[in-house]
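Text of run_11.txt (compact mmCIF, C-alpha atoms) as supplied:
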```txt
# COMPACT_ATOMS: atom_id res chain seq x y z
CA MET A 4 27.49 1.28 -11.01
CA ASP A 5 25.72 3.71 -8.69
CA VAL A 6 27.70 6.95 -8.79
CA ARG A 7 27.79 7.07 -4.97
CA VAL A 8 29.44 3.63 -4.89
CA LEU A 9 31.93 4.77 -7.58
CA VAL A 10 32.78 7.93 -5.62
CA GLY A 11 33.14 5.84 -2.45
CA ALA A 12 35.50 3.34 -4.03
CA ASN A 13 37.67 6.15 -5.43
CA THR A 14 37.70 8.00 -2.10
CA LYS A 15 38.99 4.82 -0.41
CA ARG A 16 41.53 4.26 -3.22
CA LEU A 17 42.87 7.83 -2.97
CA ARG A 18 42.89 7.73 0.86
CA ARG A 19 44.88 4.48 0.87
CA LEU A 20 47.36 5.94 -1.63
CA LYS A 21 48.06 8.55 1.06
CA GLY A 22 48.31 5.81 3.68
CA TRP A 23 45.62 7.54 5.74
CA SER A 24 42.92 6.17 8.04
CA GLN A 25 39.36 7.43 7.62
CA GLU A 26 39.99 9.41 10.80
CA GLU A 27 42.96 11.14 9.18
CA LEU A 28 41.05 11.94 6.00
CA ALA A 29 38.18 13.34 8.09
CA HIS A 30 40.63 15.51 10.02
CA GLN A 31 42.42 16.70 6.85
CA SER A 32 39.16 17.54 5.05
CA GLY A 33 37.25 19.01 7.99
CA LEU A 34 34.55 16.35 7.76
CA HIS A 35 33.26 13.94 10.40
CA ARG A 36 34.74 10.44 10.38
CA THR A 37 31.32 8.81 10.19
CA TYR A 38 30.53 10.96 7.14
CA VAL A 39 33.78 9.84 5.45
CA SER A 40 32.88 6.25 6.27
CA GLY A 41 29.43 6.75 4.73
CA VAL A 42 30.92 8.28 1.56
CA GLU A 43 33.28 5.30 1.19
CA ARG A 44 30.41 2.84 1.71
CA GLY A 45 28.46 4.60 -1.06
CA VAL A 46 25.56 5.53 1.22
CA ARG A 47 26.17 9.29 1.25
CA ASN A 48 25.38 11.69 -1.59
CA PRO A 49 28.11 14.34 -1.32
CA THR A 50 27.80 17.72 -2.97
CA VAL A 51 30.45 19.20 -5.23
CA THR A 52 31.79 21.43 -2.43
CA VAL A 53 32.30 18.36 -0.20
CA LEU A 54 34.05 16.60 -3.09
CA ALA A 55 36.28 19.66 -3.50
CA GLU A 56 37.23 19.49 0.22
CA LEU A 57 38.02 15.78 -0.03
CA ALA A 58 39.97 16.31 -3.27
CA LYS A 59 42.02 19.15 -1.76
CA ALA A 60 42.90 17.00 1.26
CA LEU A 61 43.86 14.09 -1.01
CA ASP A 62 45.86 16.25 -3.46
CA ALA A 63 43.56 15.03 -6.24
CA SER A 64 41.23 16.67 -8.73
CA PRO A 65 37.50 16.16 -8.02
CA GLY A 66 37.23 14.40 -11.38
CA GLU A 67 39.26 11.48 -9.97
CA PHE A 68 36.31 10.49 -7.81
CA PHE A 69 34.50 9.45 -11.00
CA LYS A 70 37.30 7.31 -12.46
CA GLU A 71 35.87 3.96 -13.59
CA PRO A 72 37.64 1.01 -11.92
CA SER A 73 40.31 -0.37 -14.25
CA MET B 26 37.89 28.96 -8.83
CA ASP B 27 34.88 27.97 -6.71
CA VAL B 28 34.03 24.39 -7.65
CA ARG B 29 30.36 25.34 -8.16
CA VAL B 30 31.40 27.96 -10.73
CA LEU B 31 33.66 25.40 -12.45
CA VAL B 32 30.85 22.85 -12.58
CA GLY B 33 28.49 25.53 -13.91
CA ALA B 34 30.83 26.61 -16.68
CA ASN B 35 31.36 22.98 -17.76
CA THR B 36 27.62 22.26 -17.66
CA LYS B 37 27.03 25.22 -20.01
CA ARG B 38 29.93 24.14 -22.24
CA LEU B 39 28.63 20.55 -22.52
CA ARG B 40 25.03 21.74 -23.05
CA ARG B 41 26.08 24.07 -25.87
CA LEU B 42 28.07 21.25 -27.49
CA LYS B 43 24.71 19.45 -27.72
CA GLY B 44 23.08 22.61 -29.08
CA TRP B 45 20.52 22.46 -26.27
CA SER B 46 18.70 25.20 -24.37
CA GLN B 47 18.60 25.04 -20.56
CA GLU B 48 14.97 23.98 -20.98
CA GLU B 49 16.05 21.01 -23.11
CA LEU B 50 18.79 19.96 -20.68
CA ALA B 51 16.28 20.21 -17.81
CA HIS B 52 13.85 18.02 -19.74
CA GLN B 53 16.53 15.48 -20.72
CA SER B 54 17.90 15.21 -17.17
CA GLY B 55 14.60 15.33 -15.29
CA LEU B 56 15.59 18.50 -13.44
CA HIS B 57 13.76 21.83 -13.22
CA ARG B 58 14.91 24.55 -15.65
CA THR B 59 15.51 27.04 -12.86
CA TYR B 60 17.72 24.45 -11.11
CA VAL B 61 19.77 23.97 -14.31
CA SER B 62 20.09 27.75 -14.60
CA GLY B 63 21.29 27.91 -10.98
CA VAL B 64 23.87 25.17 -11.58
CA GLU B 65 25.21 27.01 -14.64
CA ARG B 66 25.41 30.29 -12.68
CA GLY B 67 27.44 28.49 -9.98
CA VAL B 68 24.91 29.22 -7.23
CA ARG B 69 23.74 25.65 -6.74
CA ASN B 70 25.67 22.88 -4.96
CA PRO B 71 24.64 19.72 -6.81
CA THR B 72 25.15 16.27 -5.35
CA VAL B 73 26.93 13.45 -7.18
CA THR B 74 23.60 11.83 -8.15
CA VAL B 75 22.44 15.09 -9.78
CA LEU B 76 25.79 15.32 -11.60
CA ALA B 77 25.29 11.74 -12.79
CA GLU B 78 21.84 12.64 -14.21
CA LEU B 79 23.24 15.70 -15.98
CA ALA B 80 26.21 13.68 -17.29
CA LYS B 81 23.95 10.91 -18.61
CA ALA B 82 21.77 13.45 -20.43
CA LEU B 83 24.85 15.14 -21.90
CA ASP B 84 26.57 11.85 -22.87
CA ALA B 85 29.52 12.89 -20.72
CA SER B 86 31.32 11.40 -17.72
CA PRO B 87 30.70 13.23 -14.42
CA GLY B 88 34.44 13.94 -14.25
CA GLU B 89 34.05 16.36 -17.19
CA PHE B 90 32.23 18.80 -14.92
CA PHE B 91 35.54 19.38 -13.13
CA LYS B 92 37.66 20.03 -16.21
CA GLU B 93 39.74 23.18 -15.69
CA PRO B 94 39.12 25.78 -18.41
CA SER B 95 41.83 25.55 -21.09
```
Any chance you could put this one into structure tokens?
Amino acid sequence: MDVRVLVGANTKRLRRLKGWSQEELAHQSGLHRTYVSGVERGVRNPTVTVLAELAKALDASPGEFFKEPS
Amino acid sequence: MDVRVLVGANTKRLRRLKGWSQEELAHQSGLHRTYVSGVERGVRNPTVTVLAELAKALDASPGEFFKEPS
């Protein structure tokens, strides 16, 4: 699986665990909603600092974005 | 700890486990040696696709780059 798609699926999974909209995750992480949408669709290529911002907002460790689907 | 520094320390740790030089890791991952050196020094901000290339070369999962030092 393309790593961007994997990161996107895990971002959506972690966001839904929080019960947040993409808008809310964008607000909490200081990113633009369309960027969050692109990450979740696997069409963005986030850097590690962006992952760290998303992880902090989601109370997760950045490593969780690379969890293989069970 | 700045996530770039964390990723750099883990890249060095995983590279040394393989007994590789930075030159060898650069060759194995298709990256430039100076870029690998920058990642290890925590001054680069790699994207998830670069992490995936490094992880593949190092036989590691990308999540290992975010392992907190024990």
Can you work out which residues from chain B touch chain A at a cut-off of 12 Å (counting all atoms listed in the file) and hand them back as JSON, numbers by chain?
{"B": [26, 27, 28, 29, 30, 31, 32, 33, 64, 67, 68, 69, 70, 71, 72, 73, 74, 75, 76, 77, 78, 80, 81, 85, 86, 87, 88, 89, 90, 91, 92, 93]}
As an exercise, work out the distance from atom CA of A:Lys21 to atom CA of B:Pro94 in Å and give it to one decimal place.
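Answer for the atom CA of A:Lys21 to atom CA of B:Pro94 separation: 27.5 Å.
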Looking at all atoms listed in the file, which of A:Ser73, A:Lys15, A:Ala60, A:Arg44 is the one that sits closest to A:His30?
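Of all the options, A:Ala60 lies closest to A:His30.
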Taking (14.6, 24.1, -19.7) in the file's coordinates as the center, which residues reach within 10 Å of it, counting only C-alpha atoms, put as a list in words?
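Looking at atoms near the point gives Trp45, Ser46, Gln47, Glu48, Glu49, Leu50, Ala51, His52, Gln53, Ser54, Gly55, Leu56, His57, Arg58, Thr59, Tyr60, Val61 and Ser62 of chain B.
Interatomic distance, atom CA of A:Leu61 against atom CA of B:Glu65: 26.5 Å.
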First collect every listed atom of stretch 83-88 of chain B; then fit an axis-aligned box around them, widen it by 4 Å on each side, and give centre and edge lengths in Å to one decimal, as lines of an AutoDock Vina configuration file.
```
center_x = 29.6
center_y = 13.3
center_z = -18.6
size_x = 17.6
size_y = 11.7
size_z = 16.6
```
Using Å and a single decimal, report how far atom CA of A:Arg19 sits from atom CA of A:Gly41.
16.1 Å
Moved coordinates, chain B onto chain A, all Cα atoms, as a PDB file with C-alpha atoms, in the coordinates of the input:
```pdb
ATOM      1  CA  MET B  26      27.502   1.274 -11.003  1.00  0.00           C
ATOM      2  CA  ASP B  27      25.715   3.715  -8.683  1.00  0.00           C
ATOM      3  CA  VAL B  28      27.697   6.952  -8.790  1.00  0.00           C
ATOM      4  CA  ARG B  29      27.788   7.084  -4.968  1.00  0.00           C
ATOM      5  CA  VAL B  30      29.445   3.648  -4.894  1.00  0.00           C
ATOM      6  CA  LEU B  31      31.934   4.773  -7.569  1.00  0.00           C
ATOM      7  CA  VAL B  32      32.774   7.918  -5.616  1.00  0.00           C
ATOM      8  CA  GLY B  33      33.143   5.839  -2.443  1.00  0.00           C
ATOM      9  CA  ALA B  34      35.502   3.339  -4.023  1.00  0.00           C
ATOM     10  CA  ASN B  35      37.670   6.153  -5.439  1.00  0.00           C
ATOM     11  CA  THR B  36      37.698   7.995  -2.104  1.00  0.00           C
ATOM     12  CA  LYS B  37      38.997   4.820  -0.410  1.00  0.00           C
ATOM     13  CA  ARG B  38      41.528   4.258  -3.207  1.00  0.00           C
ATOM     14  CA  LEU B  39      42.874   7.834  -2.969  1.00  0.00           C
ATOM     15  CA  ARG B  40      42.912   7.721   0.858  1.00  0.00           C
ATOM     16  CA  ARG B  41      44.896   4.473   0.869  1.00  0.00           C
ATOM     17  CA  LEU B  42      47.365   5.945  -1.637  1.00  0.00           C
ATOM     18  CA  LYS B  43      48.052   8.553   1.067  1.00  0.00           C
ATOM     19  CA  GLY B  44      48.320   5.804   3.687  1.00  0.00           C
ATOM     20  CA  TRP B  45      45.628   7.542   5.738  1.00  0.00           C
ATOM     21  CA  SER B  46      42.923   6.170   8.026  1.00  0.00           C
ATOM     22  CA  GLN B  47      39.350   7.441   7.616  1.00  0.00           C
ATOM     23  CA  GLU B  48      39.982   9.408  10.811  1.00  0.00           C
ATOM     24  CA  GLU B  49      42.957  11.152   9.189  1.00  0.00           C
ATOM     25  CA  LEU B  50      41.047  11.951   5.990  1.00  0.00           C
ATOM     26  CA  ALA B  51      38.175  13.328   8.101  1.00  0.00           C
ATOM     27  CA  HIS B  52      40.624  15.512  10.014  1.00  0.00           C
ATOM     28  CA  GLN B  53      42.415  16.701   6.856  1.00  0.00           C
ATOM     29  CA  SER B  54      39.163  17.540   5.049  1.00  0.00           C
ATOM     30  CA  GLY B  55      37.251  18.996   7.993  1.00  0.00           C
ATOM     31  CA  LEU B  56      34.535  16.348   7.739  1.00  0.00           C
ATOM     32  CA  HIS B  57      33.243  13.962  10.408  1.00  0.00           C
ATOM     33  CA  ARG B  58      34.738  10.442  10.389  1.00  0.00           C
ATOM     34  CA  THR B  59      31.330   8.801  10.198  1.00  0.00           C
ATOM     35  CA  TYR B  60      30.531  10.965   7.143  1.00  0.00           C
ATOM     36  CA  VAL B  61      33.775   9.844   5.443  1.00  0.00           C
ATOM     37  CA  SER B  62      32.885   6.236   6.260  1.00  0.00           C
ATOM     38  CA  GLY B  63      29.428   6.759   4.729  1.00  0.00           C
ATOM     39  CA  VAL B  64      30.918   8.269   1.563  1.00  0.00           C
ATOM     40  CA  GLU B  65      33.290   5.306   1.187  1.00  0.00           C
ATOM     41  CA  ARG B  66      30.414   2.836   1.702  1.00  0.00           C
ATOM     42  CA  GLY B  67      28.462   4.613  -1.069  1.00  0.00           C
ATOM     43  CA  VAL B  68      25.555   5.527   1.213  1.00  0.00           C
ATOM     44  CA  ARG B  69      26.166   9.265   1.241  1.00  0.00           C
ATOM     45  CA  ASN B  70      25.386  11.688  -1.604  1.00  0.00           C
ATOM     46  CA  PRO B  71      28.098  14.340  -1.309  1.00  0.00           C
ATOM     47  CA  THR B  72      27.796  17.727  -2.961  1.00  0.00           C
ATOM     48  CA  VAL B  73      30.458  19.204  -5.242  1.00  0.00           C
ATOM     49  CA  THR B  74      31.794  21.427  -2.426  1.00  0.00           C
ATOM     50  CA  VAL B  75      32.299  18.364  -0.191  1.00  0.00           C
ATOM     51  CA  LEU B  76      34.046  16.593  -3.088  1.00  0.00           C
ATOM     52  CA  ALA B  77      36.275  19.650  -3.498  1.00  0.00           C
ATOM     53  CA  GLU B  78      37.253  19.497   0.210  1.00  0.00           C
ATOM     54  CA  LEU B  79      38.022  15.781  -0.028  1.00  0.00           C
ATOM     55  CA  ALA B  80      39.973  16.313  -3.273  1.00  0.00           C
ATOM     56  CA  LYS B  81      42.028  19.145  -1.762  1.00  0.00           C
ATOM     57  CA  ALA B  82      42.910  16.997   1.259  1.00  0.00           C
ATOM     58  CA  LEU B  83      43.864  14.088  -1.005  1.00  0.00           C
ATOM     59  CA  ASP B  84      45.853  16.256  -3.468  1.00  0.00           C
ATOM     60  CA  ALA B  85      43.566  15.016  -6.232  1.00  0.00           C
ATOM     61  CA  SER B  86      41.226  16.670  -8.732  1.00  0.00           C
ATOM     62  CA  PRO B  87      37.506  16.153  -8.015  1.00  0.00           C
ATOM     63  CA  GLY B  88      37.224  14.398 -11.385  1.00  0.00           C
ATOM     64  CA  GLU B  89      39.255  11.481  -9.965  1.00  0.00           C
ATOM     65  CA  PHE B  90      36.292  10.487  -7.808  1.00  0.00           C
ATOM     66  CA  PHE B  91      34.500   9.449 -11.003  1.00  0.00           C
ATOM     67  CA  LYS B  92      37.281   7.317 -12.460  1.00  0.00           C
ATOM     68  CA  GLU B  93      35.864   3.966 -13.594  1.00  0.00           C
ATOM     69  CA  PRO B  94      37.625   1.021 -11.930  1.00  0.00           C
ATOM     70  CA  SER B  95      40.315  -0.382 -14.249  1.00  0.00           C
TER      71      SER B  95
END
```
Can you fill out stretch 60-90 of chain B with N, CA and C atoms and hand it back as a CSV table (one decimal), in the coordinates of the input?
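Saved result, out_18.csv, follows:
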```
chain,number,residue,atom,x,y,z
B,60,TYR,N,16.6,25.1,-11.8
B,60,TYR,CA,17.7,24.4,-11.1
B,60,TYR,C,18.9,24.4,-12.1
B,61,VAL,N,18.7,24.0,-13.3
B,61,VAL,CA,19.8,24.0,-14.3
B,61,VAL,C,20.4,25.4,-14.5
B,62,SER,N,19.6,26.4,-14.5
B,62,SER,CA,20.1,27.8,-14.6
B,62,SER,C,21.0,28.1,-13.4
B,63,GLY,N,20.5,27.7,-12.2
B,63,GLY,CA,21.3,27.9,-11.0
B,63,GLY,C,22.6,27.2,-11.0
B,64,VAL,N,22.6,25.9,-11.5
B,64,VAL,CA,23.9,25.2,-11.6
B,64,VAL,C,24.8,25.9,-12.5
B,65,GLU,N,24.3,26.3,-13.7
B,65,GLU,CA,25.2,27.0,-14.6
B,65,GLU,C,25.7,28.3,-14.1
B,66,ARG,N,25.0,29.0,-13.3
B,66,ARG,CA,25.4,30.3,-12.7
B,66,ARG,C,26.3,30.1,-11.5
B,67,GLY,N,26.5,28.8,-11.1
B,67,GLY,CA,27.4,28.5,-10.0
B,67,GLY,C,26.9,28.8,-8.6
B,68,VAL,N,25.5,28.9,-8.5
B,68,VAL,CA,24.9,29.2,-7.2
B,68,VAL,C,24.2,28.0,-6.6
B,69,ARG,N,24.3,26.9,-7.3
B,69,ARG,CA,23.7,25.6,-6.7
B,69,ARG,C,24.9,24.7,-6.3
B,70,ASN,N,24.6,23.8,-5.5
B,70,ASN,CA,25.7,22.9,-5.0
B,70,ASN,C,25.2,21.5,-5.2
B,71,PRO,N,25.2,21.0,-6.5
B,71,PRO,CA,24.6,19.7,-6.8
B,71,PRO,C,25.4,18.5,-6.1
B,72,THR,N,24.6,17.5,-5.9
B,72,THR,CA,25.2,16.3,-5.4
B,72,THR,C,25.7,15.4,-6.5
B,73,VAL,N,26.4,14.3,-6.1
B,73,VAL,CA,26.9,13.4,-7.2
B,73,VAL,C,25.8,12.8,-8.0
B,74,THR,N,24.7,12.5,-7.4
B,74,THR,CA,23.6,11.8,-8.2
B,74,THR,C,23.0,12.8,-9.2
B,75,VAL,N,22.9,14.1,-8.8
B,75,VAL,CA,22.4,15.1,-9.8
B,75,VAL,C,23.5,15.2,-10.9
B,76,LEU,N,24.8,15.3,-10.6
B,76,LEU,CA,25.8,15.3,-11.6
B,76,LEU,C,25.7,14.1,-12.5
B,77,ALA,N,25.4,12.9,-12.0
B,77,ALA,CA,25.3,11.7,-12.8
B,77,ALA,C,24.1,11.9,-13.8
B,78,GLU,N,23.0,12.5,-13.3
B,78,GLU,CA,21.8,12.6,-14.2
B,78,GLU,C,22.2,13.6,-15.3
B,79,LEU,N,22.8,14.7,-15.0
B,79,LEU,CA,23.2,15.7,-16.0
B,79,LEU,C,24.2,15.1,-17.0
B,80,ALA,N,25.2,14.3,-16.4
B,80,ALA,CA,26.2,13.7,-17.3
B,80,ALA,C,25.6,12.7,-18.3
B,81,LYS,N,24.6,11.9,-17.7
B,81,LYS,CA,24.0,10.9,-18.6
B,81,LYS,C,23.2,11.6,-19.8
B,82,ALA,N,22.5,12.7,-19.4
B,82,ALA,CA,21.8,13.4,-20.4
B,82,ALA,C,22.7,14.0,-21.5
B,83,LEU,N,23.9,14.5,-21.0
B,83,LEU,CA,24.8,15.1,-21.9
B,83,LEU,C,25.8,14.2,-22.6
B,84,ASP,N,25.6,12.9,-22.3
B,84,ASP,CA,26.6,11.8,-22.9
B,84,ASP,C,28.0,12.2,-22.5
B,85,ALA,N,28.2,12.5,-21.2
B,85,ALA,CA,29.5,12.9,-20.7
B,85,ALA,C,29.8,12.1,-19.4
B,86,SER,N,31.1,12.0,-19.0
B,86,SER,CA,31.3,11.4,-17.7
B,86,SER,C,31.3,12.5,-16.7
B,87,PRO,N,30.8,12.2,-15.4
B,87,PRO,CA,30.7,13.2,-14.4
B,87,PRO,C,32.0,14.0,-14.2
B,88,GLY,N,33.1,13.3,-14.5
B,88,GLY,CA,34.4,13.9,-14.2
B,88,GLY,C,34.6,15.2,-15.1
B,89,GLU,N,33.9,15.2,-16.3
B,89,GLU,CA,34.0,16.4,-17.2
B,89,GLU,C,33.6,17.7,-16.6
B,90,PHE,N,32.7,17.6,-15.5
B,90,PHE,CA,32.2,18.8,-14.9
B,90,PHE,C,33.3,19.5,-14.1
```
